[in-house]
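**Q** Quick one, input_36.txt (compact mmCIF, C-alpha atoms and all ligand atoms):
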# COMPACT_ATOMS: atom_id res chain seq x y z
CA MET A 1 3.55 -13.12 -15.14
CA ILE A 2 6.45 -10.65 -15.03
CA GLN A 3 8.93 -10.93 -17.88
CA ASP A 4 12.56 -11.14 -16.81
CA SER A 5 14.08 -7.68 -17.24
CA ALA A 6 17.12 -9.38 -18.75
CA ALA A 7 14.88 -10.14 -21.74
CA GLY A 8 15.29 -6.46 -22.61
CA GLU A 9 11.64 -5.38 -22.65
CA PRO A 10 11.50 -1.81 -23.96
CA GLU A 11 10.76 0.66 -21.16
CA SER A 12 7.71 2.04 -22.98
CA GLU A 13 5.84 -1.26 -22.96
CA THR A 14 3.02 -1.91 -20.55
CA THR A 15 3.24 -4.82 -18.13
CA LEU A 16 -0.02 -6.53 -17.21
CA LEU A 17 -0.21 -8.24 -13.82
CA GLU A 18 -3.41 -9.91 -12.78
CA VAL A 19 -5.56 -10.45 -9.74
CA SER A 20 -7.48 -13.65 -10.44
CA GLY A 21 -10.48 -15.33 -8.84
CA ALA A 22 -13.93 -13.96 -8.14
CA ASN A 23 -12.62 -10.39 -8.06
CA ALA A 24 -10.36 -10.52 -11.12
CA TYR A 25 -8.81 -7.39 -12.65
CA GLY A 26 -5.63 -6.24 -14.29
CA ILE A 27 -2.89 -4.04 -12.87
CA ARG A 28 -0.99 -2.26 -15.62
CA VAL A 29 2.45 -0.74 -15.16
CA GLY A 30 3.85 1.61 -17.78
CA ARG A 31 4.34 5.20 -18.86
CA GLY A 32 1.54 7.57 -19.87
CA ILE A 33 -0.99 4.78 -19.31
CA ARG A 34 -3.28 6.87 -17.07
CA PHE A 35 -4.79 8.27 -20.25
CA GLY A 36 -6.08 4.77 -21.05
CA ALA A 37 -8.50 4.82 -18.09
CA GLY A 38 -11.52 5.10 -20.42
CA GLU A 39 -10.67 1.73 -21.99
CA LEU A 40 -11.32 0.05 -18.64
CA LEU A 41 -14.75 1.58 -18.15
CA GLY A 42 -16.79 -0.22 -20.82
CA PRO A 43 -19.61 1.10 -23.02
CA ASP A 44 -22.32 1.78 -20.40
CA VAL A 45 -20.55 4.42 -18.34
CA ARG A 46 -21.73 7.98 -18.93
CA ARG A 47 -20.44 9.95 -15.94
CA VAL A 48 -17.05 9.75 -14.28
CA LEU A 49 -15.93 11.31 -10.99
CA ILE A 50 -12.17 11.83 -10.65
CA VAL A 51 -11.25 11.98 -6.95
CA HIS A 52 -7.88 13.69 -6.54
CA GLN A 53 -5.67 15.54 -4.07
CA PRO A 54 -4.95 19.31 -4.37
CA THR A 55 -1.37 18.82 -5.60
CA LEU A 56 -2.73 16.85 -8.56
CA ALA A 57 -5.28 19.49 -9.65
CA ALA A 58 -3.53 20.22 -12.96
CA ALA A 59 -2.89 16.55 -13.69
CA ALA A 60 -6.53 15.73 -12.84
CA ALA A 61 -7.73 18.45 -15.24
CA GLU A 62 -5.50 16.92 -17.95
CA LEU A 63 -6.93 13.46 -17.19
CA ARG A 64 -10.42 14.91 -17.39
CA GLU A 65 -9.65 16.43 -20.81
CA SER A 66 -8.62 13.00 -22.09
CA LEU A 67 -12.04 11.59 -21.15
CA THR A 68 -14.48 14.37 -22.03
CA ASP A 69 -15.12 13.18 -25.60
CA ARG A 70 -16.82 10.08 -24.18
CA TYR A 71 -18.01 10.99 -20.69
CA GLU A 72 -19.37 13.76 -18.52
CA VAL A 73 -16.39 14.12 -16.18
CA LEU A 74 -16.53 15.73 -12.73
CA LEU A 75 -13.66 16.48 -10.38
CA ALA A 76 -13.69 16.07 -6.59
CA GLU A 77 -10.69 17.75 -4.98
CA ILE A 78 -10.17 16.24 -1.54
CA PRO A 79 -7.68 17.15 1.23
CA ASP A 80 -4.17 15.72 1.31
CA ALA A 81 -3.20 12.57 3.17
CA GLU A 82 -5.26 11.23 6.10
CA ALA A 83 -7.47 14.35 6.19
CA ALA A 84 -9.11 12.88 3.06
CA LYS A 85 -10.27 9.77 4.86
CA ARG A 86 -13.18 11.31 6.75
CA VAL A 87 -16.89 10.72 6.41
CA GLU A 88 -17.36 14.44 5.62
CA VAL A 89 -15.09 14.06 2.58
CA ALA A 90 -16.97 10.95 1.43
CA ALA A 91 -20.21 12.95 1.86
CA PHE A 92 -18.73 15.75 -0.28
CA CYS A 93 -18.12 13.21 -3.08
CA TRP A 94 -21.59 11.65 -2.65
CA GLN A 95 -23.07 15.15 -2.95
CA ILE A 96 -21.27 15.79 -6.27
CA MET A 97 -22.50 12.42 -7.54
CA GLY A 98 -26.06 13.03 -6.35
CA GLN A 99 -26.22 16.46 -7.95
CA ALA A 100 -24.92 15.02 -11.25
CA ASP A 101 -27.47 12.16 -11.17
CA PHE A 102 -24.81 9.46 -11.00
CA THR A 103 -26.39 6.09 -11.75
CA ARG A 104 -25.16 2.58 -11.03
CA SER A 105 -23.61 2.45 -14.50
CA ASP A 106 -21.32 5.43 -13.83
CA ALA A 107 -17.77 5.32 -12.47
CA VAL A 108 -15.20 6.70 -10.03
CA ILE A 109 -11.48 7.17 -10.68
CA GLY A 110 -9.18 7.38 -7.65
CA PHE A 111 -6.16 9.51 -8.60
CA GLY A 112 -3.46 10.09 -5.99
CA GLY A 113 -1.72 8.53 -3.02
CA GLY A 114 -3.00 5.80 -0.74
CA ALA A 115 -5.43 8.05 1.13
CA ALA A 116 -7.03 9.28 -2.11
CA THR A 117 -7.47 5.78 -3.55
CA ASP A 118 -8.79 4.45 -0.18
CA LEU A 119 -11.39 7.25 -0.07
CA ALA A 120 -12.27 6.96 -3.77
CA GLY A 121 -12.67 3.21 -3.36
CA PHE A 122 -14.98 3.71 -0.40
CA VAL A 123 -17.08 6.23 -2.33
CA ALA A 124 -17.32 3.84 -5.32
CA ALA A 125 -18.21 0.91 -3.06
CA THR A 126 -21.00 2.80 -1.30
CA TRP A 127 -22.64 4.85 -4.07
CA LEU A 128 -25.80 2.95 -5.08
CA ARG A 129 -24.15 -0.09 -3.44
CA GLY A 130 -21.27 -0.03 -5.87
CA VAL A 131 -20.18 1.62 -9.12
CA LYS A 132 -17.18 0.93 -11.34
CA LEU A 133 -13.82 1.98 -9.95
CA VAL A 134 -10.46 2.59 -11.63
CA GLN A 135 -7.49 3.27 -9.39
CA ILE A 136 -4.57 5.41 -10.62
CA PRO A 137 -2.05 5.49 -7.75
CA THR A 138 0.59 8.22 -7.97
CA THR A 139 2.95 7.14 -5.16
CA VAL A 140 5.19 4.11 -4.69
CA LEU A 141 3.15 3.11 -1.63
CA GLY A 142 -0.07 3.40 -3.62
CA MET A 143 1.27 1.38 -6.56
CA VAL A 144 2.64 -1.54 -4.59
CA ASP A 145 0.12 -1.62 -1.77
CA ALA A 146 -2.81 0.73 -1.13
CA ALA A 147 -4.42 0.72 -4.58
CA ILE A 148 -4.13 -3.04 -5.02
CA GLY A 149 -6.25 -5.59 -3.26
CA GLY A 150 -9.55 -3.81 -2.87
CA LYS A 151 -9.22 -2.49 0.67
CA THR A 152 -11.13 0.79 0.85
CA GLY A 153 -11.96 2.83 3.89
CA ILE A 154 -12.16 5.91 6.04
CA ASN A 155 -11.06 6.70 9.59
CA THR A 156 -13.23 7.55 12.59
CA ALA A 157 -12.33 9.46 15.76
CA GLU A 158 -11.61 6.06 17.35
CA GLY A 159 -9.08 4.83 14.82
CA LYS A 160 -7.79 4.33 11.29
CA ASN A 161 -9.69 2.37 8.64
CA LEU A 162 -12.43 1.37 11.05
CA VAL A 163 -15.11 1.85 8.37
CA GLY A 164 -14.68 0.40 4.91
CA ALA A 165 -15.31 -2.35 2.43
CA PHE A 166 -13.38 -4.86 0.36
CA TYR A 167 -14.21 -3.59 -3.12
CA ALA A 168 -12.39 -4.61 -6.29
CA PRO A 169 -11.65 -2.03 -9.00
CA VAL A 170 -12.10 -2.85 -12.70
CA GLY A 171 -8.43 -2.02 -13.13
CA VAL A 172 -5.38 -0.31 -11.66
CA LEU A 173 -3.09 1.89 -13.75
CA CYS A 174 0.39 2.38 -12.29
CA ASP A 175 1.69 5.16 -14.48
CA LEU A 176 5.38 5.60 -13.66
CA ASP A 177 5.28 9.12 -15.16
CA THR A 178 3.20 10.21 -12.15
CA LEU A 179 6.17 9.53 -9.86
CA GLU A 180 8.21 12.32 -11.53
CA ALA A 181 6.96 14.93 -9.10
CA LEU A 182 7.25 12.76 -6.00
CA PRO A 183 9.80 13.99 -3.39
CA ARG A 184 12.65 11.53 -2.91
CA ASN A 185 11.72 11.00 0.75
CA ASP A 186 8.30 9.79 -0.34
CA VAL A 187 9.84 7.41 -2.88
CA LEU A 188 12.09 5.98 -0.16
CA ALA A 189 9.32 5.71 2.44
CA GLY A 190 7.09 3.92 -0.07
CA TYR A 191 10.00 1.65 -0.84
CA ALA A 192 9.70 0.06 2.61
CA GLU A 193 6.71 -1.86 1.23
CA VAL A 194 8.81 -2.99 -1.75
CA VAL A 195 11.50 -4.26 0.64
CA LYS A 196 8.77 -5.99 2.67
CA ALA A 197 7.77 -7.87 -0.50
CA GLY A 198 11.43 -8.87 -0.85
CA PHE A 199 11.61 -10.33 2.65
CA ILE A 200 8.28 -12.17 2.63
CA TRP A 201 8.09 -13.31 -1.01
CA ALA A 202 10.52 -12.12 -3.70
CA PRO A 203 14.22 -12.22 -2.65
CA GLU A 204 15.24 -10.83 -6.05
CA ILE A 205 14.11 -7.43 -4.77
CA LEU A 206 16.68 -7.61 -1.95
CA ASP A 207 19.45 -8.68 -4.35
CA ASN A 208 18.57 -5.81 -6.70
CA VAL A 209 18.70 -3.23 -3.89
CA GLU A 210 22.07 -4.54 -2.70
CA ARG A 211 23.47 -4.69 -6.22
CA ASP A 212 22.13 -1.38 -7.52
CA LEU A 213 20.83 0.97 -4.82
CA ASP A 214 20.67 4.02 -7.10
CA GLY A 215 18.81 2.20 -9.87
CA SER A 216 16.48 0.54 -7.38
CA THR A 217 15.30 3.90 -6.08
CA ASP A 218 15.26 5.88 -9.32
CA PRO A 219 11.76 5.85 -10.89
CA HIS A 220 13.39 6.17 -14.35
CA SER A 221 15.45 3.02 -13.94
CA PRO A 222 14.47 -0.46 -15.21
CA VAL A 223 15.65 -1.88 -11.86
CA PHE A 224 13.15 0.33 -10.01
CA ARG A 225 10.41 -0.82 -12.37
CA ARG A 226 11.40 -4.45 -11.97
CA ASN A 227 11.24 -4.22 -8.17
CA VAL A 228 7.92 -2.39 -8.21
CA GLU A 229 6.50 -5.02 -10.58
CA LEU A 230 7.75 -7.85 -8.39
CA ALA A 231 6.11 -6.24 -5.34
CA ILE A 232 2.83 -5.72 -7.25
CA ASP A 233 2.96 -9.28 -8.55
CA MET A 234 3.39 -10.55 -4.99
CA LYS A 235 0.40 -8.59 -3.75
CA ALA A 236 -1.73 -9.61 -6.75
CA LYS A 237 -1.03 -13.28 -6.10
CA VAL A 238 -1.71 -12.98 -2.36
CA VAL A 239 -5.04 -11.16 -2.78
CA SER A 240 -6.05 -13.55 -5.59
CA GLU A 241 -5.85 -16.33 -3.05
CA ASP A 242 -7.26 -14.45 -0.07
CA PHE A 243 -9.24 -11.33 -0.94
CA ARG A 244 -10.88 -10.94 2.48
CA GLU A 245 -7.82 -11.54 4.64
CA ALA A 246 -8.94 -14.89 6.02
CA GLY A 247 -5.45 -16.42 5.81
CA LEU A 248 -2.53 -15.80 3.44
CA ARG A 249 -3.16 -12.05 3.12
CA GLU A 250 -2.07 -11.63 6.72
CA ILE A 251 1.56 -12.02 5.62
CA LEU A 252 1.29 -8.52 4.14
CA ASN A 253 1.26 -7.27 7.74
CA TYR A 254 4.97 -8.04 8.09
CA GLY A 255 6.39 -5.15 10.14
CA HIS A 256 2.93 -3.62 10.50
CA THR A 257 1.91 -4.73 14.02
CA LEU A 258 4.56 -2.58 15.66
CA GLY A 259 4.56 -0.19 12.68
CA HIS A 260 0.90 0.77 13.19
CA ALA A 261 1.53 1.27 16.92
CA ILE A 262 4.45 3.60 16.14
CA GLU A 263 2.34 5.59 13.68
CA HIS A 264 -0.40 5.95 16.31
CA THR A 265 2.04 6.85 19.10
CA GLU A 266 3.68 9.44 16.84
CA ARG A 267 0.23 10.89 15.97
CA TYR A 268 0.77 10.02 12.32
CA GLN A 269 3.74 12.40 12.00
CA TRP A 270 5.93 9.44 10.95
CA ARG A 271 5.61 8.21 7.38
CA HIS A 272 3.96 4.78 7.14
CA GLY A 273 7.05 3.30 5.46
CA ALA A 274 9.35 4.57 8.21
CA ALA A 275 7.19 2.95 10.90
CA VAL A 276 7.00 -0.32 8.93
CA SER A 277 10.78 -0.25 8.52
CA VAL A 278 11.28 -0.23 12.32
CA GLY A 279 8.48 -2.81 12.60
CA MET A 280 10.28 -5.18 10.22
CA VAL A 281 13.50 -5.01 12.24
CA PHE A 282 11.46 -5.66 15.40
CA ALA A 283 9.78 -8.70 13.76
CA ALA A 284 13.17 -9.96 12.59
CA GLU A 285 14.56 -9.64 16.13
CA LEU A 286 11.50 -11.42 17.49
CA ALA A 287 12.15 -14.31 15.11
CA ARG A 288 15.89 -14.35 15.89
CA LEU A 289 15.35 -14.30 19.66
CA SER A 290 12.89 -17.17 19.42
CA GLY A 291 15.46 -19.23 17.52
CA ARG A 292 13.72 -19.14 14.12
CA LEU A 293 15.80 -16.72 12.10
CA HIS A 294 19.50 -16.60 11.38
CA ASP A 295 21.52 -13.54 12.49
CA ASP A 296 22.52 -12.87 8.85
CA VAL A 297 18.92 -12.27 7.79
CA VAL A 298 18.39 -9.84 10.68
CA ASP A 299 21.59 -8.02 9.69
CA ARG A 300 20.31 -7.91 6.11
CA HIS A 301 17.16 -6.13 7.31
CA ARG A 302 19.27 -3.47 9.00
CA SER A 303 21.72 -2.99 6.14
CA ILE A 304 19.09 -2.78 3.37
CA LEU A 305 16.74 -0.47 5.28
CA THR A 306 19.64 1.76 6.39
CA SER A 307 20.90 1.99 2.80
CA LEU A 308 17.45 3.37 1.91
CA THR A 309 17.79 5.90 4.78
CA LEU A 310 14.83 4.27 6.52
CA PRO A 311 14.86 4.17 10.36
CA ILE A 312 15.68 0.92 12.16
CA THR A 313 15.47 2.08 15.79
CA TYR A 314 12.88 3.60 18.09
CA PRO A 315 13.36 5.49 21.37
CA ALA A 316 13.55 3.30 24.47
CA GLY A 317 10.98 3.87 27.21
CA ARG A 318 7.82 3.77 25.09
CA TRP A 319 7.15 0.05 25.33
CA GLU A 320 4.05 0.18 27.54
CA THR A 321 2.36 2.67 25.19
CA LEU A 322 3.26 0.63 22.11
CA LEU A 323 2.09 -2.61 23.71
CA ALA A 324 -1.26 -1.11 24.75
CA THR A 325 -1.73 0.27 21.22
CA MET A 326 -0.89 -3.06 19.60
CA ARG A 327 -3.46 -4.79 21.83
CA ARG A 328 -6.13 -2.32 20.66
CA ASP A 329 -5.28 -2.77 16.95
CA LYS A 330 -8.32 -4.03 15.02
CA LYS A 331 -6.24 -6.89 13.68
CA THR A 332 -5.57 -8.20 17.18
CA ARG A 333 -7.86 -11.18 17.62
CA GLY A 334 -9.52 -11.62 21.03
CA ASN A 335 -6.78 -9.54 22.66
CA THR A 336 -4.18 -12.01 21.35
CA LEU A 337 -1.17 -10.38 19.69
CA ARG A 338 -0.15 -11.84 16.33
CA PHE A 339 3.06 -11.05 14.49
CA ILE A 340 4.17 -12.09 11.04
CA VAL A 341 7.72 -13.36 11.42
CA LEU A 342 10.16 -15.12 9.11
CA ASP A 343 11.61 -18.61 9.39
CA ASP A 344 13.83 -17.52 6.53
CA ILE A 345 13.63 -15.09 3.62
CA ALA A 346 10.37 -15.75 1.74
CA ARG A 347 9.13 -18.05 4.54
CA PRO A 348 6.67 -15.96 6.55
CA THR A 349 4.66 -17.46 9.38
CA ILE A 350 2.40 -16.29 12.21
CA MET A 351 3.68 -15.97 15.76
CA GLN A 352 0.71 -15.90 18.08
CA ALA A 353 0.73 -14.56 21.66
CA PRO A 354 4.52 -14.40 22.07
CA ASP A 355 5.84 -14.34 25.61
CA PRO A 356 5.88 -10.73 26.94
CA SER A 357 9.55 -11.09 27.91
CA LEU A 358 10.40 -12.04 24.30
CA LEU A 359 8.54 -9.02 22.98
CA PHE A 360 10.34 -6.72 25.38
CA ALA A 361 13.70 -8.27 24.50
CA ALA A 362 13.04 -7.60 20.80
CA TYR A 363 12.08 -4.02 21.65
CA GLN A 364 15.36 -3.55 23.51
CA GLU A 365 17.19 -4.69 20.37
CA ILE A 366 15.64 -1.85 18.35
CA GLY A 367 16.02 0.77 21.13
CA SER A 368 17.85 4.01 20.39
N1 LIG B 401 -1.94 -3.35 3.14
C1 LIG B 401 -2.20 -4.70 3.48
C2 LIG B 401 -3.30 -5.32 2.69
O1 LIG B 401 -3.71 -4.77 1.69
O2 LIG B 401 -3.78 -6.36 3.05
Rewrite the coordinates I just gave you, this time as structure tokens.
Ligand code: GLY

**A**
Amino acid sequence: MIQDSAAGEPESETTLLEVSGANAYGIRVGRGIRFGAGELLGPDVRRVLIVHQPTLAAAAAELRESLTDRYEVLLAEIPDAEAAKRVEVAAFCWQIMGQADFTRSDAVIGFGGGAATDLAGFVAATWLRGVKLVQIPTTVLGMVDAAIGGKTGINTAEGKNLVGAFYAPVGVLCDLDTLEALPRNDVLAGYAEVVKAGFIWAPEILDNVERDLDGSTDPHSPVFRRNVELAIDMKAKVVSEDFREAGLREILNYGHTLGHAIEHTERYQWRHGAAVSVGMVFAAELARLSGRLHDDVVDRHRSILTSLTLPITYPAGRWETLLATMRRDKKTRGNTLRFIVLDDIARPTIMQAPDPSLLFAAYQEIGS
């Protein structure tokens, strides 16, 4: 459980949040805690593969140094962003592991943004049908979303995340020190997922952003940490209840149905958080136009996302493309479109097969 920040917890302390159930593990939030990765691995591990992006080469070497007294540590430098999530890159990691005689009692550490932890998770899930995995996300998006919940995967020519596995790590280390080097635009884009957690689950996040925008977006600030912890806590509770996305976990797709279609239409040149930001406003309009959601809550979406410099509009005239893309999304069931919408803040629900005229009306509301 998250302690109330008003209790004055010293910044240096580590917060432990937990995923419970059959796939239980801890998610730690703190400073410098990445160097505690070895404590999560247990006594049997002999070899460790650190999978990292090029920008983290020096930090990965430092992490390796901290582990070499106990383990044989190998590094796998993978491409940045989505270019990492290819079968050739997984094969490159498998080759390193094969050549180093990795056994089932060895381990993988995913160190980087969401693409790195997705790929590392997939490699850990598939090597000898599964070896230990520690995730060390280094972006806001990775900390509050990608590295938590056990979704791992790679892309194919036909689409994103079409191949993968649900695979739980033995632990996740959210080391706030790793955010130091993150460009502000990346912090803000990742923050869209924090705001999403505010709308679907934890309204305190929204109050904190409105009360203290600078603190909320400054990785050194206790308010930032509080919001990140609330978002992680939300995700941990949701995946504890529904690891394989059979029910509750679907609420995490708030803003994502249209968001994914925008990302695809924009050939992944838009940041994920920017697309989800527009997607959340669209979902809010959908709920408002169908008489579920009060105007004030829709306005609150626009004002909070705008204050974070996230986009809330999308060019008119692209509806047919977006609609066709949403229908092809792997989460569309039997060609039926499903949207997570709100009845109120923290009251998400599923809207199934909305009337096409309603969808188009919501699109017109976000048109630029
Ligand atoms: N990113 C959504 C999920 O993990 O289910």

**Q** For ligand LIG 401 (chain B), list the contacting residues at 6 Å or closer, counting all atoms listed in the file, as a list of chain:residue names.

**A**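 Selection of residues at most 6 Å from ligand LIG 401 (chain B): A:Asp145, A:Ala146, A:Gly149, A:Arg249, A:Leu252.
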
**Q** For A:Ala22, which residue out of A:Thr217, A:Gln99, A:Ser240, A:Thr349 is the nearest one, using only C-alpha atoms?

**A**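 Residue with the minimum atom-to-atom distance to A:Ala22: A:Ser240.
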
**Q** Measuring atom to atom with only C-alpha atoms, identify which of A:Thr138, A:Val194, A:His264, A:Leu358 is nearest to A:Leu182.

**A** A:Thr138

**Q** Please, which residues in stretch 120-163 of chain A fall within 9 Å of stretch 185-190 of chain A when counting all atoms listed in the file, and what is the closest atom pair and distance in Å to one decimal for each, ordered by chain then residue number, as a tab-separated table?

**A**
residue	atom	partner	partner_atom	distance
A:Thr139	CA	A:Val187	CA	7.3
A:Val140	CA	A:Gly190	CA	5.0
A:Leu141	CA	A:Gly190	CA	4.3
A:Gly142	CA	A:Gly190	CA	8.0
A:Val144	CA	A:Gly190	CA	8.4

**Q** For A:Ser66, which residue among A:His294, A:Arg347, A:Arg225, A:Arg34 is the nearest when counting all atoms listed in the file?

**A**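 Smallest distance to A:Ser66 is found for A:Arg34.
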
**Q** How about completing stretch 131-159 of chain A with N, CA and C atoms and giving it to me as a CSV table (one decimal), in the frame of the given file?

**A**
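Output below, filename result-v3.csv:
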chain,number,residue,atom,x,y,z
A,131,VAL,N,-20.4,1.3,-7.7
A,131,VAL,CA,-20.2,1.6,-9.1
A,131,VAL,C,-18.8,1.3,-9.5
A,132,LYS,N,-18.5,1.3,-10.8
A,132,LYS,CA,-17.2,0.9,-11.3
A,132,LYS,C,-16.1,1.8,-10.8
A,133,LEU,N,-14.9,1.2,-10.6
A,133,LEU,CA,-13.8,2.0,-10.0
A,133,LEU,C,-12.5,1.7,-10.7
A,134,VAL,N,-11.8,2.7,-11.1
A,134,VAL,CA,-10.5,2.6,-11.6
A,134,VAL,C,-9.5,3.3,-10.7
A,135,GLN,N,-8.5,2.6,-10.3
A,135,GLN,CA,-7.5,3.3,-9.4
A,135,GLN,C,-6.2,3.7,-10.2
A,136,ILE,N,-5.8,4.9,-10.0
A,136,ILE,CA,-4.6,5.4,-10.6
A,136,ILE,C,-3.7,5.9,-9.5
A,137,PRO,N,-2.9,5.0,-8.9
A,137,PRO,CA,-2.0,5.5,-7.8
A,137,PRO,C,-0.9,6.3,-8.3
A,138,THR,N,-0.5,7.3,-7.5
A,138,THR,CA,0.6,8.2,-8.0
A,138,THR,C,1.8,8.2,-7.0
A,139,THR,N,1.8,7.3,-6.1
A,139,THR,CA,3.0,7.1,-5.2
A,139,THR,C,3.4,5.7,-5.2
A,140,VAL,N,4.7,5.5,-4.7
A,140,VAL,CA,5.2,4.1,-4.7
A,140,VAL,C,4.3,3.3,-3.8
A,141,LEU,N,4.0,3.8,-2.6
A,141,LEU,CA,3.2,3.1,-1.6
A,141,LEU,C,1.8,2.7,-2.2
A,142,GLY,N,1.2,3.7,-3.0
A,142,GLY,CA,-0.1,3.4,-3.6
A,142,GLY,C,0.0,2.3,-4.7
A,143,MET,N,1.1,2.3,-5.5
A,143,MET,CA,1.3,1.4,-6.6
A,143,MET,C,1.5,0.0,-6.1
A,144,VAL,N,2.3,-0.2,-5.0
A,144,VAL,CA,2.6,-1.5,-4.6
A,144,VAL,C,1.7,-2.1,-3.5
A,145,ASP,N,0.9,-1.1,-2.9
A,145,ASP,CA,0.1,-1.6,-1.8
A,145,ASP,C,-1.3,-1.1,-1.8
A,146,ALA,N,-1.5,0.2,-1.5
A,146,ALA,CA,-2.8,0.7,-1.1
A,146,ALA,C,-3.8,0.5,-2.2
A,147,ALA,N,-3.4,0.8,-3.5
A,147,ALA,CA,-4.4,0.7,-4.6
A,147,ALA,C,-4.7,-0.7,-5.1
A,148,ILE,N,-4.0,-1.7,-4.6
A,148,ILE,CA,-4.1,-3.0,-5.0
A,148,ILE,C,-4.8,-3.9,-3.9
A,149,GLY,N,-5.7,-4.7,-4.3
A,149,GLY,CA,-6.2,-5.6,-3.3
A,149,GLY,C,-7.6,-5.2,-2.7
A,150,GLY,N,-8.2,-4.1,-3.2
A,150,GLY,CA,-9.6,-3.8,-2.9
A,150,GLY,C,-9.9,-3.4,-1.5
A,151,LYS,N,-8.9,-3.0,-0.6
A,151,LYS,CA,-9.2,-2.5,0.7
A,151,LYS,C,-9.6,-1.0,0.5
A,152,THR,N,-10.7,-0.6,0.9
A,152,THR,CA,-11.1,0.8,0.8
A,152,THR,C,-11.6,1.2,2.2
A,153,GLY,N,-11.5,2.5,2.6
A,153,GLY,CA,-12.0,2.8,3.9
A,153,GLY,C,-11.7,4.3,4.3
A,154,ILE,N,-12.3,4.6,5.4
A,154,ILE,CA,-12.2,5.9,6.0
A,154,ILE,C,-11.9,5.7,7.5
A,155,ASN,N,-11.4,6.8,8.2
A,155,ASN,CA,-11.1,6.7,9.6
A,155,ASN,C,-12.2,7.2,10.4
A,156,THR,N,-12.3,6.9,11.7
A,156,THR,CA,-13.2,7.6,12.6
A,156,THR,C,-12.4,8.1,13.7
A,157,ALA,N,-13.1,8.9,14.6
A,157,ALA,CA,-12.3,9.5,15.8
A,157,ALA,C,-11.6,8.4,16.6
A,158,GLU,N,-12.2,7.1,16.5
A,158,GLU,CA,-11.6,6.1,17.4
A,158,GLU,C,-10.4,5.4,16.7
A,159,GLY,N,-10.2,5.5,15.4
A,159,GLY,CA,-9.1,4.8,14.8
A,159,GLY,C,-9.1,4.9,13.3
